[in-house]
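**Q** final31.pdb is reproduced in full below (PDB, C-alpha atoms).
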```
ATOM      1  CA  MET A   2     -84.380 112.977  23.484
ATOM      2  CA  GLY A   3     -86.910 112.294  26.208
ATOM      3  CA  LEU A   4     -89.872 114.156  24.725
ATOM      4  CA  THR A   5     -92.160 111.331  25.752
ATOM      5  CA  SER A   6     -95.496 111.320  27.543
ATOM      6  CA  TRP A   7     -95.817 108.216  29.668
ATOM      7  CA  ALA A   8     -97.941 106.646  32.385
ATOM      8  CA  ALA A   9     -96.880 103.631  34.471
ATOM      9  CA  PHE A  10     -99.159 101.581  36.704
ATOM     10  CA  MET A  11     -98.297  99.309  39.641
ATOM     11  CA  PRO A  12    -100.098  97.757  42.618
ATOM     12  CA  GLY A  13    -100.684 100.433  45.262
ATOM     13  CA  MET A  14    -100.168 100.364  49.021
ATOM     14  CA  LYS A  15    -103.686 101.374  50.055
ATOM     15  CA  ASP A  16    -105.827 101.050  46.971
ATOM     16  CA  ASN A  17    -105.861  98.876  43.885
ATOM     17  CA  ALA A  18    -103.233 100.643  41.891
ATOM     18  CA  MET A  19    -100.878 103.569  41.644
ATOM     19  CA  VAL A  20    -100.105 105.657  38.585
ATOM     20  CA  MET A  21     -97.077 107.817  37.887
ATOM     21  CA  GLY A  22     -96.324 109.639  34.694
ATOM     22  CA  ASP A  23     -95.239 112.666  32.767
ATOM     23  CA  LEU A  24     -97.109 114.594  30.105
ATOM     24  CA  VAL A  25     -95.057 116.546  27.576
ATOM     25  CA  LEU A  26     -97.018 119.693  26.758
ATOM     26  CA  MET A  27     -96.820 122.926  24.815
ATOM     27  CA  GLN A  28     -97.581 126.027  26.873
ATOM     28  CA  ASP A  29    -101.126 126.363  25.551
ATOM     29  CA  GLU A  30    -101.839 122.738  26.409
ATOM     30  CA  VAL A  31    -100.985 123.019  30.109
ATOM     31  CA  ASN A  32    -104.240 124.465  31.379
ATOM     32  CA  PRO A  33    -106.536 125.797  28.662
ATOM     33  CA  SER A  34    -109.318 128.030  29.957
TER      34      SER A  34
ATOM     35  CA  MET B  18    -103.963 120.123  34.225
ATOM     36  CA  SER B  19    -107.688 120.568  34.947
ATOM     37  CA  ALA B  20    -108.425 117.390  33.005
ATOM     38  CA  ALA B  21    -106.003 115.449  35.218
ATOM     39  CA  LEU B  22    -107.202 117.034  38.478
ATOM     40  CA  ASP B  23    -110.891 116.726  37.589
ATOM     41  CA  ASN B  24    -110.376 113.023  36.921
ATOM     42  CA  GLY B  25    -108.769 112.173  40.237
ATOM     43  CA  LEU B  26    -105.099 112.466  39.349
ATOM     44  CA  GLN B  27    -102.561 114.585  41.198
ATOM     45  CA  VAL B  28    -100.290 117.051  39.436
ATOM     46  CA  THR B  29     -97.037 116.898  41.392
ATOM     47  CA  ALA B  30     -94.820 119.134  39.250
ATOM     48  CA  LEU B  31     -94.832 121.309  36.149
ATOM     49  CA  HIS B  32     -91.504 122.378  34.731
ATOM     50  CA  ASN B  33     -89.418 122.922  31.611
ATOM     51  CA  HIS B  34     -86.283 120.955  30.708
ATOM     52  CA  PHE B  35     -84.494 123.244  28.268
ATOM     53  CA  PHE B  36     -83.300 126.824  28.093
ATOM     54  CA  PHE B  37     -84.137 128.780  24.932
ATOM     55  CA  ASP B  38     -86.474 126.217  23.384
ATOM     56  CA  GLU B  39     -89.147 127.698  21.154
ATOM     57  CA  PRO B  40     -91.985 126.913  21.424
ATOM     58  CA  LYS B  41     -91.405 126.088  25.073
ATOM     59  CA  VAL B  42     -92.134 122.513  26.113
ATOM     60  CA  TYR B  43     -93.374 121.695  29.620
ATOM     61  CA  PHE B  44     -93.307 118.400  31.497
ATOM     62  CA  MET B  45     -96.322 117.891  33.747
ATOM     63  CA  HIS B  46     -95.825 115.153  36.334
ATOM     64  CA  ILE B  47     -98.854 113.166  37.392
ATOM     65  CA  GLY B  48     -99.553 110.670  40.134
ATOM     66  CA  GLY B  49    -102.522 108.956  41.719
ATOM     67  CA  GLU B  50    -103.823 106.037  43.728
ATOM     68  CA  GLY B  51    -107.080 104.161  43.166
ATOM     69  CA  GLY B  52    -108.677 101.639  40.864
ATOM     70  CA  THR B  53    -106.692 100.796  37.733
ATOM     71  CA  ALA B  54    -109.540 101.670  35.360
ATOM     72  CA  THR B  55    -110.201 104.973  37.150
ATOM     73  CA  LEU B  56    -106.524 105.958  36.952
ATOM     74  CA  ALA B  57    -106.331 104.962  33.287
ATOM     75  CA  LYS B  58    -109.419 107.084  32.574
ATOM     76  CA  GLY B  59    -107.720 110.041  34.234
ATOM     77  CA  VAL B  60    -104.623 109.629  32.067
ATOM     78  CA  ARG B  61    -106.817 109.241  28.983
ATOM     79  CA  ALA B  62    -108.763 112.417  29.847
ATOM     80  CA  ALA B  63    -105.513 114.385  29.997
ATOM     81  CA  PHE B  64    -104.300 112.974  26.650
ATOM     82  CA  ASP B  65    -107.689 113.657  25.046
ATOM     83  CA  THR B  66    -107.558 117.291  26.192
ATOM     84  CA  VAL B  67    -104.138 117.758  24.592
ATOM     85  CA  LYS B  68    -105.406 116.150  21.382
ATOM     86  CA  LYS B  69    -108.422 118.463  21.314
ATOM     87  CA  ILE B  70    -106.269 121.577  21.698
ATOM     88  CA  ARG B  71    -103.867 120.559  18.911
ATOM     89  CA  ALA B  72    -106.775 119.581  16.647
ATOM     90  CA  ALA B  73    -108.307 123.046  17.091
ATOM     91  CA  ASP B  74    -105.004 124.763  16.230
ATOM     92  CA  SER B  75    -101.952 122.898  14.941
ATOM     93  CA  GLN B  76     -99.654 125.747  15.982
ATOM     94  CA  PRO B  77     -98.921 126.325  19.700
ATOM     95  CA  ALA B  78    -100.388 129.617  20.912
ATOM     96  CA  GLN B  79     -97.978 132.443  21.721
ATOM     97  CA  THR B  80    -100.143 134.090  24.361
ATOM     98  CA  PHE B  81    -103.266 133.571  26.492
ATOM     99  CA  ALA B  82    -104.421 137.181  26.322
ATOM    100  CA  PRO B  83    -106.203 138.539  23.245
ATOM    101  CA  SER B  84    -104.472 141.900  23.755
ATOM    102  CA  GLY B  85    -101.232 142.922  25.424
ATOM    103  CA  LEU B  86    -101.077 144.667  28.772
ATOM    104  CA  PRO B  87    -101.015 148.470  28.861
ATOM    105  CA  ALA B  88     -97.521 149.966  29.221
ATOM    106  CA  LYS B  89     -98.590 151.775  32.383
ATOM    107  CA  SER B  90    -100.413 149.906  35.166
ATOM    108  CA  SER B  91    -103.578 151.282  36.798
ATOM    109  CA  ILE B  92    -104.810 148.590  39.183
ATOM    110  CA  THR B  93    -107.459 149.659  41.729
ATOM    111  CA  ALA B  94    -106.092 148.368  45.036
ATOM    112  CA  GLU B  95    -109.441 148.595  46.869
ATOM    113  CA  VAL B  96    -111.072 146.016  44.583
ATOM    114  CA  ILE B  97    -108.391 143.417  45.393
ATOM    115  CA  GLN B  98    -108.218 144.349  49.078
ATOM    116  CA  THR B  99    -111.965 143.777  49.412
ATOM    117  CA  VAL B 100    -111.832 140.376  47.697
ATOM    118  CA  LEU B 101    -108.759 139.184  49.601
ATOM    119  CA  GLY B 102    -109.778 140.802  52.889
ATOM    120  CA  THR B 103    -106.352 142.242  53.539
ATOM    121  CA  LYS B 104    -104.307 145.391  53.054
ATOM    122  CA  GLY B 105    -101.462 145.306  50.541
ATOM    123  CA  GLU B 106     -98.769 147.439  48.976
ATOM    124  CA  ALA B 107     -99.456 149.606  45.926
ATOM    125  CA  LYS B 108     -96.776 151.087  43.661
ATOM    126  CA  ASP B 109     -96.927 152.609  40.159
ATOM    127  CA  GLY B 110    -100.428 151.240  39.554
ATOM    128  CA  MET B 111     -99.428 147.732  40.646
ATOM    129  CA  PHE B 112    -100.602 145.944  43.787
ATOM    130  CA  LYS B 113     -99.224 143.162  45.967
ATOM    131  CA  ALA B 114    -100.792 141.317  48.905
ATOM    132  CA  THR B 115     -98.739 139.061  51.186
ATOM    133  CA  PHE B 116     -99.922 136.441  53.678
ATOM    134  CA  GLY B 117     -97.308 135.134  56.090
ATOM    135  CA  ARG B 118     -97.424 131.654  57.572
ATOM    136  CA  THR B 119     -95.520 130.109  60.470
ATOM    137  CA  VAL B 120     -94.044 126.647  59.962
ATOM    138  CA  LYS B 121     -91.715 124.424  61.981
ATOM    139  CA  MET B 122     -88.330 123.523  60.461
ATOM    140  CA  PRO B 123     -86.426 120.221  61.025
ATOM    141  CA  CYS B 124     -84.395 122.014  63.742
ATOM    142  CA  GLY B 125     -87.620 122.485  65.686
ATOM    143  CA  CYS B 126     -87.412 126.247  65.236
ATOM    144  CA  GLU B 127     -90.290 128.248  63.826
ATOM    145  CA  VAL B 128     -89.991 130.421  60.707
ATOM    146  CA  GLY B 129     -92.581 132.736  59.237
ATOM    147  CA  LYS B 130     -93.255 135.808  57.148
ATOM    148  CA  GLU B 131     -89.873 137.410  57.804
ATOM    149  CA  MET B 132     -88.095 134.265  56.519
ATOM    150  CA  GLY B 133     -90.095 134.328  53.294
ATOM    151  CA  VAL B 134     -92.749 131.728  54.133
ATOM    152  CA  ASN B 135     -95.312 133.780  52.262
ATOM    153  CA  THR B 136     -98.335 133.270  50.112
ATOM    154  CA  TRP B 137     -98.482 136.327  47.879
ATOM    155  CA  ALA B 138    -100.148 137.690  44.763
ATOM    156  CA  ALA B 139     -99.069 140.679  42.677
ATOM    157  CA  PHE B 140    -101.238 142.383  40.060
ATOM    158  CA  ALA B 141    -100.299 144.634  37.115
ATOM    159  CA  GLY B 142    -102.057 146.006  34.030
ATOM    160  CA  ALA B 143    -105.548 147.517  33.992
ATOM    161  CA  ASP B 144    -108.655 146.539  35.963
ATOM    162  CA  ASP B 145    -110.224 144.993  32.850
ATOM    163  CA  ASN B 146    -106.971 143.437  31.553
ATOM    164  CA  ALA B 147    -104.657 142.430  34.380
ATOM    165  CA  VAL B 148    -101.912 139.902  35.009
ATOM    166  CA  VAL B 149    -101.287 138.174  38.335
ATOM    167  CA  ASP B 150     -98.329 136.210  39.626
ATOM    168  CA  GLY B 151     -97.760 134.738  43.033
ATOM    169  CA  ASP B 152     -96.938 131.819  45.256
ATOM    170  CA  PHE B 153     -98.971 129.611  47.576
ATOM    171  CA  VAL B 154     -97.280 128.261  50.683
ATOM    172  CA  VAL B 155     -99.036 124.955  51.303
ATOM    173  CA  LEU B 156     -98.377 121.760  53.217
ATOM    174  CA  GLU B 157     -98.305 118.486  51.288
ATOM    175  CA  ASP B 158    -101.902 117.569  52.092
ATOM    176  CA  GLU B 159    -103.057 121.033  51.055
ATOM    177  CA  LEU B 160    -101.351 121.088  47.642
ATOM    178  CA  GLN B 161    -103.744 118.998  45.550
ATOM    179  CA  PRO B 162    -106.964 120.558  46.946
ATOM    180  CA  ALA B 163    -105.441 124.033  46.442
ATOM    181  CA  SER B 164    -104.324 123.261  42.850
ATOM    182  CA  ASN B 165    -107.679 121.750  42.043
ATOM    183  CA  HIS B 166    -109.527 124.809  43.276
ATOM    184  CA  SER B 167    -107.178 127.241  41.497
ATOM    185  CA  ALA B 168    -107.412 125.336  38.212
ATOM    186  CA  ASN B 169    -111.191 125.486  38.330
ATOM    187  CA  GLN B 170    -111.198 129.217  39.112
ATOM    188  CA  ALA B 171    -108.818 130.192  36.297
TER     189      ALA B 171
END
```
Before we go any further, please render this structure as structure tokens.
**A**
Amino acid sequence: MGLTSWAAFMPGMKDNAMVMGDLVLMQDEVNPS
Amino acid sequence: MSAALDNGLQVTALHNHFFFDEPKVYFMHIGGEGGTATLAKGVRAAFDTVKKIRAADSQPAQTFAPSGLPAKSSITAEVIQTVLGTKGEAKDGMFKATFGRTVKMPCGCEVGKEMGVNTWAAFAGADDNAVVDGDFVVLEDELQPASNHSANQA
């Protein structure tokens, strides 16, 4: 059902690498104070 | 979000996928460029933060505030006006400040405050227990520095 946290890495244009991803979070996990 | 930003990642979106889900689930999109190990550490820091929160309380929290807002608002406008350095609008104990910005559209024409290109913040509640909502109008290269600063001020 797509409730998946993921991070993918590939060679970057300028620097060594590039990361893209998605973190699946509950509301209180988004930005705890 | 702070864990990602503090460790060199960008947060490019934060949104829900479903209507009526309970507890609500959010998808936080991340990106970044740099050394592989540095990026991996950033991702790990974000995962570790989530783990720490769930370990402290297995049930998702229902609210950030320890107590609810008062039914009637009583925000002191002067306090906010001094901090923000601008006049705003006050109504029924609530307060809103708006900052217009002029930007160029693909047509070459300029649009600004009257077309809704506004950074704004609205406050309700009491001076010692208030809620704020708003919008920041930022250009692409301003977004990450602005998010980073806001996350660290929250």
**Q** Check what the PyMOL selection byres ((chain A and resi 8) around 6) selects in the file above and give those residues as number ranges by chain.
**A** A: 7, 9, 21-22
**Q** The ChimeraX specification (/A :<9) & /B - which residues does that actually catch in the file I just gave you? List them as a PyMOL selection string.
**A** chain B and resi 18-20+26+31+40-53+56-57+60+63-64+66-67+70-71+77-81+168-169+171
**Q** Just checking: using only C-alpha atoms, which residue out of B:Glu131, B:Asp158, B:Asp144, B:Asp23 ends up closest to Ser91 of chain B?
**A**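 The shortest atom-to-atom distance to Ser91 of chain B comes from B:Asp144.
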**Q** Leaving out Ala147 of chain B and any residue of its chain fewer than 4 positions from it, which residues lie within 10 Å of it when counting all atoms listed in the file, given as a list of chain:residue names?
**A**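 Once the nearby chain positions are removed, what remains is B:Ala82, B:Gly85, B:Leu86, B:Pro87, B:Ser90, B:Ser91, B:Ile92, B:Met111, B:Phe140, B:Ala141, B:Gly142, B:Ala143.
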**Q** Do you have the atom CA of Leu22 of chain B-atom CA of Phe153 of chain B distance handy?
**A**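 According to the coordinates, atom CA of Leu22 of chain B and atom CA of Phe153 of chain B are separated by 17.6 Å.
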**Q** Do you know which residues are at most 12 Å from Ile97 of chain B counting all atoms listed in the file, after dropping those on the same chain fewer than 3 positions away, and could you put them as a short mmCIF file (atom, residue, chain, number, x, y, z; two decimals) with C-alpha atoms, in the frame of the given file?
**A**
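This is the output file selection.cif:
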```cif
data_model
loop_
_atom_site.label_atom_id
_atom_site.label_comp_id
_atom_site.auth_asym_id
_atom_site.auth_seq_id
_atom_site.Cartn_x
_atom_site.Cartn_y
_atom_site.Cartn_z
CA ILE B 92 -104.81 148.59 39.18
CA THR B 93 -107.46 149.66 41.73
CA ALA B 94 -106.09 148.37 45.04
CA VAL B 100 -111.83 140.38 47.70
CA LEU B 101 -108.76 139.18 49.60
CA GLY B 102 -109.78 140.80 52.89
CA THR B 103 -106.35 142.24 53.54
CA LYS B 104 -104.31 145.39 53.05
CA GLY B 105 -101.46 145.31 50.54
CA GLU B 106 -98.77 147.44 48.98
CA ALA B 107 -99.46 149.61 45.93
CA MET B 111 -99.43 147.73 40.65
CA PHE B 112 -100.60 145.94 43.79
CA LYS B 113 -99.22 143.16 45.97
CA ALA B 114 -100.79 141.32 48.90
CA ALA B 138 -100.15 137.69 44.76
CA ALA B 139 -99.07 140.68 42.68
CA PHE B 140 -101.24 142.38 40.06
CA ALA B 141 -100.30 144.63 37.12
CA ASP B 144 -108.66 146.54 35.96
CA ALA B 147 -104.66 142.43 34.38
CA VAL B 149 -101.29 138.17 38.34
#
```
**Q** Could you check the closest approach to Gln161 of chain B for each of B:Thr29, B:Asn24, B:Ala73, B:Glu127 and tell me which residue wins, using all atoms listed in the file?
**A**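 Among the listed residues, B:Thr29 lies closest to Gln161 of chain B.
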**Q** Between atom CA of Asn165 of chain B and atom CA of Lys69 of chain B, what distance in Å does the model show, to one decimal?
**A** 21.0 Å
**Q** Just need the box for segment 8-25 of chain A, edges along x, y and z, holding every atom the file lists for it with 6 Å tacked onto each side, so centre and edge lengths in Å to one decimal, as AutoDock Vina command-line options.
**A**
```
--center_x -100.5 --center_y 107.2 --center_z 38.8 --size_x 22.8 --size_y 30.8 --size_z 34.5
```
**Q** With only C-alpha atoms as the atoms that count, which of B:Ala54, B:Val96, B:Ala163, B:Ala21 lies nearest to Asp145 of chain B?
**A** B:Val96
**Q** Could you jot down the atom CA of Arg118 of chain B to atom CA of Asn135 of chain B separation for me, Å, one decimal place?
**A** 6.1 Å
**Q** To verify the selection step, state as a list in words which residues the PyMOL selection byres ((chain B and resi 120-123) around 12) yields on this input.
**A**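 Applying the PyMOL selection byres ((chain B and resi 120-123) around 12) to the structure shown produces Gly117, Arg118, Thr119, Cys124, Gly125, Cys126, Glu127, Val128, Gly129, Lys130, Glu131, Met132, Gly133, Val134, Asn135, Val154, Val155 and Leu156 of chain B.
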**Q** Those residues you just picked out, can you put them in a file as a compact mmCIF listing (two decimals), keeping the file's coordinate frame with C-alpha atoms?
**A**
```txt
# COMPACT_ATOMS: atom_id res chain seq x y z
CA GLY B 117 -97.31 135.13 56.09
CA ARG B 118 -97.42 131.65 57.57
CA THR B 119 -95.52 130.11 60.47
CA CYS B 124 -84.40 122.01 63.74
CA GLY B 125 -87.62 122.48 65.69
CA CYS B 126 -87.41 126.25 65.24
CA GLU B 127 -90.29 128.25 63.83
CA VAL B 128 -89.99 130.42 60.71
CA GLY B 129 -92.58 132.74 59.24
CA LYS B 130 -93.26 135.81 57.15
CA GLU B 131 -89.87 137.41 57.80
CA MET B 132 -88.10 134.26 56.52
CA GLY B 133 -90.10 134.33 53.29
CA VAL B 134 -92.75 131.73 54.13
CA ASN B 135 -95.31 133.78 52.26
CA VAL B 154 -97.28 128.26 50.68
CA VAL B 155 -99.04 124.96 51.30
CA LEU B 156 -98.38 121.76 53.22
```
